[in-house]
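Q: So I've got this file, input-v7.pdb, and it contains PDB, C-alpha atoms:
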```pdb
ATOM      1  CA  MET D 553       0.000   0.000   0.000
ATOM      2  CA  ALA D 554       1.452   3.349  -1.008
ATOM      3  CA  VAL D 555       0.365   6.897  -1.728
ATOM      4  CA  LYS D 556       1.109   7.747  -5.322
ATOM      5  CA  GLY D 557       0.593  11.464  -5.040
ATOM      6  CA  ILE D 558      -1.719  14.407  -4.784
ATOM      7  CA  LEU D 559      -3.013  15.824  -8.028
ATOM      8  CA  LEU D 560      -4.387  19.349  -8.363
ATOM      9  CA  TYR D 561      -6.987  20.159 -11.024
ATOM     10  CA  GLY D 562      -8.181  23.746 -11.119
ATOM     11  CA  SER D 563     -10.299  24.609  -8.103
ATOM     12  CA  ASP D 564     -10.528  20.964  -6.950
ATOM     13  CA  VAL D 565      -8.151  18.775  -4.974
ATOM     14  CA  LEU D 566      -7.954  15.150  -6.072
ATOM     15  CA  ILE D 567      -6.186  12.619  -3.841
ATOM     16  CA  GLN D 568      -5.340   9.340  -5.478
ATOM     17  CA  ILE D 569      -4.232   6.338  -3.383
ATOM     18  CA  VAL D 570      -2.853   3.222  -5.049
ATOM     19  CA  PHE D 571      -2.848  -0.067  -3.111
ATOM     20  CA  ALA D 572      -0.422  -2.975  -3.575
ATOM     21  CA  ASP D 573      -2.987  -5.049  -5.451
ATOM     22  CA  GLY D 574      -3.433  -2.334  -8.061
ATOM     23  CA  ASN D 575      -6.732  -0.950  -6.784
ATOM     24  CA  LYS D 576      -7.155   2.784  -6.672
ATOM     25  CA  TRP D 577      -9.069   5.035  -4.306
ATOM     26  CA  GLN D 578      -9.821   8.629  -5.168
ATOM     27  CA  VAL D 579     -11.199  11.355  -2.927
ATOM     28  CA  LYS D 580     -12.243  14.662  -4.435
ATOM     29  CA  TYR D 581     -12.608  17.837  -2.361
ATOM     30  CA  ASP D 582     -14.191  21.064  -3.496
ATOM     31  CA  SER D 583     -12.202  24.186  -2.682
ATOM     32  CA  ASP D 584     -15.425  26.207  -2.454
ATOM     33  CA  SER D 585     -16.136  24.672   0.963
ATOM     34  CA  GLY D 586     -14.259  27.543   2.612
ATOM     35  CA  LEU D 587     -11.633  25.517   4.498
ATOM     36  CA  GLY D 588      -8.747  27.581   3.155
ATOM     37  CA  LEU D 589      -5.206  26.479   2.490
ATOM     38  CA  CYS D 590      -4.400  25.603   6.105
ATOM     39  CA  GLY D 591      -7.637  23.683   6.395
ATOM     40  CA  TRP D 592      -6.869  21.612   3.328
ATOM     41  CA  ILE D 593      -3.396  20.866   4.629
ATOM     42  CA  LEU D 594      -4.900  19.556   7.892
ATOM     43  CA  VAL D 595      -7.489  17.481   6.053
ATOM     44  CA  ILE D 596      -4.881  15.973   3.717
ATOM     45  CA  THR D 597      -2.571  15.243   6.642
ATOM     46  CA  SER D 598      -5.381  13.547   8.544
ATOM     47  CA  LEU D 599      -6.268  11.510   5.482
ATOM     48  CA  PHE D 600      -2.611  10.541   4.965
ATOM     49  CA  PHE D 601      -2.242   9.226   8.523
ATOM     50  CA  THR D 602      -5.576   7.405   8.165
ATOM     51  CA  VAL D 603      -4.256   5.588   5.110
ATOM     52  CA  ILE D 604      -0.880   4.629   6.526
ATOM     53  CA  THR D 605      -2.475   3.294   9.730
ATOM     54  CA  PHE D 606      -5.009   1.197   7.850
ATOM     55  CA  PRO D 607      -6.697  -1.111   8.943
ATOM     56  CA  ILE D 608      -6.400   0.159  12.533
ATOM     57  CA  SER D 609      -7.813   3.545  11.530
ATOM     58  CA  ILE D 610     -10.949   1.932  10.158
ATOM     59  CA  TRP D 611     -12.296   1.506  13.705
ATOM     60  CA  ILE D 612     -11.982   5.248  14.250
ATOM     61  CA  CYS D 613     -13.127   6.526  10.890
ATOM     62  CA  VAL D 614     -16.193   4.379  10.216
ATOM     63  CA  LYS D 615     -19.330   5.241  12.206
ATOM     64  CA  ILE D 616     -22.779   3.666  12.313
ATOM     65  CA  ILE D 617     -26.070   5.368  13.059
ATOM     66  CA  LYS D 618     -29.522   3.820  13.412
ATOM     67  CA  GLU D 619     -32.475   3.996  11.041
ATOM     68  CA  TYR D 620     -34.194   6.782  13.002
ATOM     69  CA  GLU D 621     -31.056   8.934  13.383
ATOM     70  CA  ARG D 622     -29.104  11.315  11.169
ATOM     71  CA  ALA D 623     -25.519  12.548  11.556
ATOM     72  CA  ILE D 624     -24.381  16.131  10.942
ATOM     73  CA  ILE D 625     -20.645  16.093  10.146
ATOM     74  CA  PHE D 626     -18.482  19.112  10.951
ATOM     75  CA  ARG D 627     -15.106  19.382   9.225
ATOM     76  CA  LEU D 628     -12.920  21.982  10.917
ATOM     77  CA  GLY D 629     -16.102  23.521  12.306
ATOM     78  CA  ARG D 630     -17.980  23.669   8.998
ATOM     79  CA  ILE D 631     -20.922  21.499   8.029
ATOM     80  CA  LEU D 632     -20.084  19.208   5.143
ATOM     81  CA  LYS D 633     -22.029  19.598   1.923
ATOM     82  CA  GLY D 634     -24.523  16.926   1.041
ATOM     83  CA  GLY D 635     -26.743  17.251   4.087
ATOM     84  CA  ALA D 636     -27.172  14.840   6.963
ATOM     85  CA  LYS D 637     -25.657  11.381   6.720
ATOM     86  CA  GLY D 638     -27.361   8.112   7.445
ATOM     87  CA  PRO D 639     -28.794   5.780   8.247
ATOM     88  CA  GLY D 640     -26.047   3.166   8.123
ATOM     89  CA  LEU D 641     -22.284   3.617   7.659
ATOM     90  CA  PHE D 642     -20.445   6.872   7.029
ATOM     91  CA  PHE D 643     -16.803   7.960   7.049
ATOM     92  CA  VAL D 644     -15.143  10.649   9.193
ATOM     93  CA  LEU D 645     -11.566  11.805   9.384
ATOM     94  CA  PRO D 646      -9.894  11.730  12.786
ATOM     95  CA  CYS D 647      -8.897  15.027  14.415
ATOM     96  CA  THR D 648     -10.589  17.194  11.770
ATOM     97  CA  ASP D 649     -14.133  15.791  11.713
ATOM     98  CA  SER D 650     -16.783  15.653  14.402
ATOM     99  CA  PHE D 651     -20.452  14.775  14.170
ATOM    100  CA  ILE D 652     -23.720  15.206  16.053
ATOM    101  CA  LYS D 653     -26.531  12.670  16.077
ATOM    102  CA  VAL D 654     -30.079  13.906  15.632
ATOM    103  CA  ASP D 655     -33.109  11.775  16.540
ATOM    104  CA  MET D 656     -35.762  11.982  13.781
ATOM    105  CA  ARG D 657     -38.534  10.199  15.713
ATOM    106  CA  THR D 658     -41.671  11.926  16.973
ATOM    107  CA  ILE D 659     -41.207  13.352  20.465
ATOM    108  CA  SER D 660     -44.021  14.155  22.888
ATOM    109  CA  PHE D 661     -43.962  16.290  26.016
ATOM    110  CA  ASP D 662     -46.461  17.660  28.509
ATOM    111  CA  ILE D 663     -47.061  21.379  28.820
ATOM    112  CA  PRO D 664     -46.968  22.199  32.548
ATOM    113  CA  PRO D 665     -50.224  23.648  33.958
ATOM    114  CA  GLN D 666     -50.380  27.327  33.081
ATOM    115  CA  GLU D 667     -52.362  29.858  35.114
ATOM    116  CA  ILE D 668     -54.215  31.882  32.496
ATOM    117  CA  LEU D 669     -56.474  34.935  32.742
ATOM    118  CA  THR D 670     -59.195  34.572  30.124
ATOM    119  CA  LYS D 671     -60.799  37.354  28.123
ATOM    120  CA  ASP D 672     -63.728  37.543  30.570
ATOM    121  CA  SER D 673     -61.337  37.856  33.572
ATOM    122  CA  VAL D 674     -61.555  34.271  34.845
ATOM    123  CA  THR D 675     -58.420  32.534  36.161
ATOM    124  CA  VAL D 676     -58.009  28.925  35.002
ATOM    125  CA  ASN D 677     -55.215  26.346  34.974
ATOM    126  CA  VAL D 678     -54.722  24.653  31.602
ATOM    127  CA  ASP D 679     -52.232  21.976  30.525
ATOM    128  CA  GLY D 680     -51.688  20.135  27.270
ATOM    129  CA  VAL D 681     -49.453  17.831  25.242
ATOM    130  CA  VAL D 682     -47.395  18.511  22.091
ATOM    131  CA  TYR D 683     -46.100  16.051  19.486
ATOM    132  CA  TYR D 684     -43.247  17.157  17.222
ATOM    133  CA  ARG D 685     -40.366  15.747  15.187
ATOM    134  CA  VAL D 686     -37.168  17.029  13.597
ATOM    135  CA  GLN D 687     -37.841  17.660   9.918
ATOM    136  CA  ASN D 688     -34.468  19.164   8.955
ATOM    137  CA  ALA D 689     -31.537  17.893  10.993
ATOM    138  CA  ILE D 690     -29.125  20.581   9.774
ATOM    139  CA  LEU D 691     -31.404  23.458  10.823
ATOM    140  CA  ALA D 692     -32.082  21.801  14.184
ATOM    141  CA  VAL D 693     -28.324  21.732  14.883
ATOM    142  CA  ALA D 694     -27.075  24.922  13.212
ATOM    143  CA  ASN D 695     -29.888  27.420  13.918
ATOM    144  CA  ILE D 696     -30.642  26.797  17.596
ATOM    145  CA  THR D 697     -28.760  25.642  20.668
ATOM    146  CA  ASN D 698     -31.379  23.230  22.020
ATOM    147  CA  ALA D 699     -34.392  22.647  19.791
ATOM    148  CA  ASP D 700     -36.213  20.507  22.358
ATOM    149  CA  SER D 701     -35.960  23.043  25.180
ATOM    150  CA  ALA D 702     -36.891  25.923  22.886
ATOM    151  CA  THR D 703     -39.968  24.085  21.609
ATOM    152  CA  ARG D 704     -41.111  23.362  25.164
ATOM    153  CA  LEU D 705     -40.779  27.002  26.241
ATOM    154  CA  LEU D 706     -42.474  28.237  23.089
ATOM    155  CA  ALA D 707     -45.388  25.835  23.667
ATOM    156  CA  GLN D 708     -45.963  27.273  27.152
ATOM    157  CA  THR D 709     -46.003  30.896  25.952
ATOM    158  CA  THR D 710     -48.183  30.015  22.959
ATOM    159  CA  LEU D 711     -50.715  28.294  25.239
ATOM    160  CA  ARG D 712     -50.968  31.407  27.418
ATOM    161  CA  ASN D 713     -51.201  33.780  24.445
ATOM    162  CA  VAL D 714     -53.876  31.800  22.601
ATOM    163  CA  LEU D 715     -56.108  31.118  25.613
ATOM    164  CA  GLY D 716     -55.748  34.703  26.827
ATOM    165  CA  THR D 717     -57.847  35.831  23.852
ATOM    166  CA  LYS D 718     -60.695  33.356  24.555
ATOM    167  CA  ASN D 719     -63.679  33.436  26.891
ATOM    168  CA  LEU D 720     -64.192  30.678  29.444
ATOM    169  CA  SER D 721     -67.089  29.239  27.469
ATOM    170  CA  GLN D 722     -64.929  29.103  24.324
ATOM    171  CA  ILE D 723     -62.121  27.328  26.183
ATOM    172  CA  LEU D 724     -64.525  24.695  27.515
ATOM    173  CA  SER D 725     -66.353  24.096  24.224
ATOM    174  CA  ASP D 726     -63.809  24.814  21.432
ATOM    175  CA  ARG D 727     -60.815  22.754  22.529
ATOM    176  CA  GLU D 728     -60.238  21.289  19.068
ATOM    177  CA  GLU D 729     -60.195  24.711  17.424
ATOM    178  CA  ILE D 730     -57.790  26.038  20.058
ATOM    179  CA  ALA D 731     -55.500  23.026  19.550
ATOM    180  CA  HIS D 732     -55.406  23.611  15.772
ATOM    181  CA  SER D 733     -54.637  27.299  16.325
ATOM    182  CA  MET D 734     -51.756  26.436  18.671
ATOM    183  CA  GLN D 735     -50.396  23.854  16.233
ATOM    184  CA  ALA D 736     -50.357  26.370  13.369
ATOM    185  CA  THR D 737     -48.641  29.008  15.523
ATOM    186  CA  LEU D 738     -46.002  26.596  16.842
ATOM    187  CA  ASP D 739     -45.353  25.075  13.431
ATOM    188  CA  GLU D 740     -44.762  28.489  11.885
ATOM    189  CA  ALA D 741     -42.472  29.611  14.720
ATOM    190  CA  THR D 742     -40.361  26.433  14.710
ATOM    191  CA  ASP D 743     -40.018  26.173  10.917
ATOM    192  CA  ASP D 744     -36.626  27.939  11.004
ATOM    193  CA  TRP D 745     -35.435  25.385  13.590
ATOM    194  CA  GLY D 746     -36.219  22.405  11.368
ATOM    195  CA  ILE D 747     -39.049  21.322  13.697
ATOM    196  CA  LYS D 748     -42.433  20.027  12.513
ATOM    197  CA  VAL D 749     -45.227  20.245  15.110
ATOM    198  CA  GLU D 750     -47.565  17.354  14.284
ATOM    199  CA  ARG D 751     -50.255  17.645  16.947
ATOM    200  CA  VAL D 752     -51.324  19.709  19.961
ATOM    201  CA  GLU D 753     -53.967  18.635  22.474
ATOM    202  CA  ILE D 754     -55.559  20.427  25.452
ATOM    203  CA  LYS D 755     -55.563  17.915  28.312
ATOM    204  CA  ASP D 756     -57.401  19.534  31.216
ATOM    205  CA  VAL D 757     -58.980  22.839  32.213
ATOM    206  CA  LYS D 758     -59.075  23.317  35.989
ATOM    207  CA  LEU D 759     -61.495  25.904  37.377
ATOM    208  CA  PRO D 760     -61.404  27.487  40.863
ATOM    209  CA  VAL D 761     -63.615  25.769  43.444
ATOM    210  CA  GLN D 762     -65.812  28.833  43.947
ATOM    211  CA  LEU D 763     -66.355  29.123  40.207
ATOM    212  CA  GLN D 764     -67.276  25.435  40.013
ATOM    213  CA  ARG D 765     -69.897  25.940  42.730
ATOM    214  CA  ALA D 766     -71.289  29.023  40.989
ATOM    215  CA  MET D 767     -71.516  27.192  37.654
ATOM    216  CA  ALA D 768     -73.208  24.215  39.341
ATOM    217  CA  ALA D 769     -75.768  26.518  40.991
ATOM    218  CA  GLU D 770     -76.398  28.254  37.666
ATOM    219  CA  ALA D 771     -76.899  24.930  35.893
ATOM    220  CA  GLU D 772     -79.269  23.712  38.641
ATOM    221  CA  ALA D 773     -81.307  26.913  38.438
ATOM    222  CA  ALA D 774     -81.522  26.560  34.657
ATOM    223  CA  ARG D 775     -82.739  22.975  35.007
ATOM    224  CA  GLU D 776     -85.377  23.991  37.566
ATOM    225  CA  ALA D 777     -86.558  26.805  35.303
ATOM    226  CA  ARG D 778     -86.924  24.385  32.378
ATOM    227  CA  ALA D 779     -88.823  21.933  34.630
ATOM    228  CA  LYS D 780     -91.268  24.654  35.677
ATOM    229  CA  VAL D 781     -91.822  25.680  32.076
ATOM    230  CA  ILE D 782     -92.503  22.067  31.080
ATOM    231  CA  ALA D 783     -94.913  21.618  34.011
ATOM    232  CA  ALA D 784     -96.746  24.819  33.089
ATOM    233  CA  GLU D 785     -97.053  23.693  29.467
ATOM    234  CA  GLY D 786     -98.461  20.356  30.694
ATOM    235  CA  GLU D 787    -101.058  22.119  32.852
ATOM    236  CA  MET D 788    -102.040  24.308  29.919
ATOM    237  CA  ASN D 789    -102.477  21.323  27.614
ATOM    238  CA  ALA D 790    -104.423  19.453  30.300
ATOM    239  CA  SER D 791    -106.780  22.405  30.844
ATOM    240  CA  ARG D 792    -107.423  22.585  27.111
ATOM    241  CA  ALA D 793    -108.233  18.867  27.033
ATOM    242  CA  LEU D 794    -110.590  19.230  30.024
ATOM    243  CA  LYS D 795    -112.311  22.142  28.346
ATOM    244  CA  GLU D 796    -112.877  20.089  25.199
ATOM    245  CA  ALA D 797    -114.117  17.132  27.332
ATOM    246  CA  SER D 798    -116.587  19.335  29.218
ATOM    247  CA  MET D 799    -117.966  20.616  25.937
ATOM    248  CA  VAL D 800    -118.525  17.030  24.749
ATOM    249  CA  ILE D 801    -120.220  16.030  28.027
ATOM    250  CA  THR D 802    -122.478  19.104  27.898
ATOM    251  CA  GLU D 803    -123.824  18.011  24.561
ATOM    252  CA  SER D 804    -124.875  14.589  26.007
ATOM    253  CA  PRO D 805    -126.125  14.431  29.666
ATOM    254  CA  ALA D 806    -125.908  10.641  29.619
ATOM    255  CA  ALA D 807    -122.194  10.890  29.046
ATOM    256  CA  LEU D 808    -121.790  12.411  32.521
ATOM    257  CA  GLN D 809    -123.483   9.432  34.139
ATOM    258  CA  LEU D 810    -121.259   7.045  32.167
ATOM    259  CA  ARG D 811    -118.273   9.004  33.405
ATOM    260  CA  TYR D 812    -119.513   8.570  36.989
ATOM    261  CA  LEU D 813    -119.790   4.821  36.533
ATOM    262  CA  GLN D 814    -116.319   4.620  34.982
ATOM    263  CA  THR D 815    -114.895   6.527  37.923
ATOM    264  CA  LEU D 816    -116.589   4.127  40.391
ATOM    265  CA  THR D 817    -115.141   1.159  38.498
ATOM    266  CA  THR D 818    -111.670   2.642  38.758
ATOM    267  CA  ILE D 819    -112.015   3.300  42.502
ATOM    268  CA  ALA D 820    -113.443  -0.173  43.210
ATOM    269  CA  ALA D 821    -110.548  -1.837  41.384
ATOM    270  CA  GLU D 822    -108.125  -0.401  43.960
ATOM    271  CA  LYS D 823    -109.940  -2.192  46.870
ATOM    272  CA  ASN D 824    -110.688   0.953  48.805
ATOM    273  CA  SER D 825    -112.810   0.753  51.928
ATOM    274  CA  THR D 826    -114.535   4.070  51.251
ATOM    275  CA  ILE D 827    -116.294   4.897  48.011
ATOM    276  CA  VAL D 828    -117.633   8.372  47.339
ATOM    277  CA  PHE D 829    -120.698   8.239  45.095
ATOM    278  CA  PRO D 830    -121.465  11.563  43.416
ATOM    279  CA  LEU D 831    -125.090  12.655  43.111
ATOM    280  CA  PRO D 832    -126.576  15.350  40.945
ATOM    281  CA  ILE D 833    -127.254  18.631  42.743
ATOM    282  CA  ASN D 834    -130.887  18.753  41.592
ATOM    283  CA  MET D 835    -131.620  15.426  43.358
ATOM    284  CA  LEU D 836    -130.185  16.778  46.585
ATOM    285  CA  GLN D 837    -132.300  19.889  46.245
ATOM    286  CA  GLY D 838    -135.412  17.683  45.828
ATOM    287  CA  PHE D 839    -134.668  15.807  49.072
ATOM    288  CA  ILE D 840    -134.046  19.039  50.936
ATOM    289  CA  GLY D 841    -137.357  20.493  49.716
ATOM    290  CA  ALA D 842    -139.245  17.359  50.783
ATOM    291  CA  ASN D 843    -137.890  17.569  54.317
ATOM    292  CA  ARG D 844    -139.043  21.112  54.633
TER     293      ARG D 844
END
```
Would it be possible to restate this file's structure as structure tokens?
A:
Amino acid sequence: MAVKGILLYGSDVLIQIVFADGNKWQVKYDSDSGLGLCGWILVITSLFFTVITFPISIWICVKIIKEYERAIIFRLGRILKGGAKGPGLFFVLPCTDSFIKVDMRTISFDIPPQEILTKDSVTVNVDGVVYYRVQNAILAVANITNADSATRLLAQTTLRNVLGTKNLSQILSDREEIAHSMQATLDEATDDWGIKVERVEIKDVKLPVQLQRAMAAEAEAAREARAKVIAAEGEMNASRALKEASMVITESPAALQLRYLQTLTTIAAEKNSTIVFPLPINMLQGFIGANR
């Protein structure tokens, strides 16, 4: 194994390595990467020592990352062109290259309970859950120090800002709409960080005890008012039916006597010891006149 030489072609650097068996290995570097002359000297030196220490250097230079991970390679502090590497095997140079692993799986976290003053001046405690994933590994590493921590803090402030513009009734009834609004706001804010917010859910809305009692009393009063209205409507319908029945009985005097007999049958069926038998008023007046 021997190094044949280093060939320069225009703005590119081409390193050609010839092995003892006649095989060749070529590595081409673009000078537009901004490493500079000293940087290229360090890279070439690192590559030279990697070759002469082969195969021992293979255990240092070859890295493996999992299916759900991506590697961002830094060469002398600059991100290599070509984007994130992986999954599988990739090659790094010792001393000049370093890399950062980025997890591409969906991550979930709970939003701590936030004390929020609603639009109608009611204090409530609201918590939620956020699901997000890294969409662009390079932006998540290069544009922000800690994407996870920043997303968590932004979710808390977004929850307070969104719910602060809603009434209590809207918070209790329009949870899905509020969740979609928070998701759109978070997704837009984290786009420059390479983060994709997939879902936001409102978990629980905790009301003060006094407010719970007041709402329960209000609901009970509303139910009682509806019950009274229903009872009054029933009485009105019953009075109309009785009026129509009285008109029918007036047209036929025999119908009143049949009604008396039906009433006696109903009372006798219940095995009562006392039966009240109604008599016409004119009969009673006849008996009273006879006594006089």
Q: Quick one: distance from atom CA of Thr710 of chain D to atom CA of Val761 of chain D in Å, one decimal?
A: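 Result for atom CA of Thr710 of chain D versus atom CA of Val761 of chain D: 26.0 Å, one decimal.
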Q: Do you know which residues the PyMOL selection byres ((chain D and resi 679) around 6) returns on this file, as a short mmCIF file (atom, residue, chain, number, x, y, z; two decimals) with C-alpha atoms, in the coordinates of the input?
A:
```cif
data_model
loop_
_atom_site.label_atom_id
_atom_site.label_comp_id
_atom_site.auth_asym_id
_atom_site.auth_seq_id
_atom_site.Cartn_x
_atom_site.Cartn_y
_atom_site.Cartn_z
CA ILE D 663 -47.06 21.38 28.82
CA PRO D 664 -46.97 22.20 32.55
CA PRO D 665 -50.22 23.65 33.96
CA VAL D 678 -54.72 24.65 31.60
CA GLY D 680 -51.69 20.14 27.27
CA LYS D 755 -55.56 17.92 28.31
CA ASP D 756 -57.40 19.53 31.22
#
```
Q: Could you tell me how far atom CA of Thr697 of chain D sits from atom CA of Ala731 of chain D, in Å to one decimal place?
A: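 Computing the Euclidean distance for atom CA of Ala731 of chain D and atom CA of Thr697 of chain D yields 26.9 Å.
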Q: Of the candidates D:Asn789, D:Gln735, D:Thr658, D:Thr742, which one gets nearest to Glu621 of chain D if we count all atoms listed in the file?
A: D:Thr658
Q: Could you work out how far atom CA of Leu628 of chain D lies from atom CA of Thr605 of chain D, giving the answer in Å with one decimal?
A: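 According to the coordinates, atom CA of Thr605 of chain D and atom CA of Leu628 of chain D are separated by 21.4 Å.
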Q: For the structure provided, state which residues fall under the PyMOL selection byres ((chain D and resi 602) around 12), and present them as a VMD selection string.
A: chain D and resid 555 569 595 to 601 603 to 614 643 to 648
Q: Which one is closest to Ile696 of chain D: D:Ile747, D:Ile782, D:Leu632, D:Ala774? Count only C-alpha atoms.
A: D:Ile747
Q: Would you mind listing what lies within 12 Å of Thr737 of chain D as number ranges by chain, with all atoms listed in the file counted and same-chain residues fewer than 5 positions away left out?
A: D: 703, 706-707, 709-711, 713-714, 730-732, 742-743, 748-752
Q: Check what the PyMOL selection byres ((chain D and resi 716) around 12) selects in the file above and give those residues as a PDB file with C-alpha atoms, in the frame of the given file.
A:
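The result, stored in selection.pdb:
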```pdb
ATOM      1  CA  GLN D 666     -50.380  27.327  33.081  1.00  0.00           C
ATOM      2  CA  GLU D 667     -52.362  29.858  35.114  1.00  0.00           C
ATOM      3  CA  ILE D 668     -54.215  31.882  32.496  1.00  0.00           C
ATOM      4  CA  LEU D 669     -56.474  34.935  32.742  1.00  0.00           C
ATOM      5  CA  THR D 670     -59.195  34.572  30.124  1.00  0.00           C
ATOM      6  CA  LYS D 671     -60.799  37.354  28.123  1.00  0.00           C
ATOM      7  CA  ASP D 672     -63.728  37.543  30.570  1.00  0.00           C
ATOM      8  CA  SER D 673     -61.337  37.856  33.572  1.00  0.00           C
ATOM      9  CA  VAL D 674     -61.555  34.271  34.845  1.00  0.00           C
ATOM     10  CA  THR D 675     -58.420  32.534  36.161  1.00  0.00           C
ATOM     11  CA  VAL D 676     -58.009  28.925  35.002  1.00  0.00           C
ATOM     12  CA  ASN D 677     -55.215  26.346  34.974  1.00  0.00           C
ATOM     13  CA  VAL D 678     -54.722  24.653  31.602  1.00  0.00           C
ATOM     14  CA  THR D 709     -46.003  30.896  25.952  1.00  0.00           C
ATOM     15  CA  THR D 710     -48.183  30.015  22.959  1.00  0.00           C
ATOM     16  CA  LEU D 711     -50.715  28.294  25.239  1.00  0.00           C
ATOM     17  CA  ARG D 712     -50.968  31.407  27.418  1.00  0.00           C
ATOM     18  CA  ASN D 713     -51.201  33.780  24.445  1.00  0.00           C
ATOM     19  CA  VAL D 714     -53.876  31.800  22.601  1.00  0.00           C
ATOM     20  CA  LEU D 715     -56.108  31.118  25.613  1.00  0.00           C
ATOM     21  CA  THR D 717     -57.847  35.831  23.852  1.00  0.00           C
ATOM     22  CA  LYS D 718     -60.695  33.356  24.555  1.00  0.00           C
ATOM     23  CA  ASN D 719     -63.679  33.436  26.891  1.00  0.00           C
ATOM     24  CA  LEU D 720     -64.192  30.678  29.444  1.00  0.00           C
ATOM     25  CA  GLN D 722     -64.929  29.103  24.324  1.00  0.00           C
ATOM     26  CA  ILE D 723     -62.121  27.328  26.183  1.00  0.00           C
ATOM     27  CA  ILE D 730     -57.790  26.038  20.058  1.00  0.00           C
TER      28      ILE D 730
END
```
Q: Let me make sure I understand: among D:Lys615, D:Ile659, D:Ala623, D:Ala766, which one has the smallest atom-to-atom distance to Phe642 of chain D if we use only C-alpha atoms?
A: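 Counting only C-alpha atoms, the residue closest to Phe642 of chain D is D:Lys615.
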Q: Determine the axis-aligned bounding box of all atoms of segment 721-725 of chain D present in the file, pad each side by 3 Å, and express its centre and edge lengths in Å to one decimal place as AutoDock Vina command-line options.
A:
```
--center_x -64.6 --center_y 26.7 --center_z 25.9 --size_x 11.0 --size_y 11.1 --size_z 9.3
```
Q: Using all atoms listed in the file, which of D:Ala784, D:Val682, D:Ala777, D:Ala771 sits nearest Met734 of chain D?
A: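 Of D:Ala784, D:Val682, D:Ala777, D:Ala771, the one nearest Met734 of chain D, counting all atoms listed in the file, is D:Val682.
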Q: Using only C-alpha atoms, list the residues that have an atom at most 12 Å from (-29.6, 28.4, 14.3), coordinates as in the file, as a ChimeraX atom specification.
A: /D:688-699,702,742-747
Q: Which residue, D:Arg627, D:Arg657, D:Lys618, D:Arg778, has the smallest gap to Leu641 of chain D when you use only C-alpha atoms?
A: D:Lys618
Q: Counting all atoms listed in the file, figure out which residue out of D:Leu724, D:Ser791, D:Val681, D:Phe661 gets nearest to Ser701 of chain D.
A: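 Looking only at the distances to Ser701 of chain D, the closest residue turns out to be D:Phe661.
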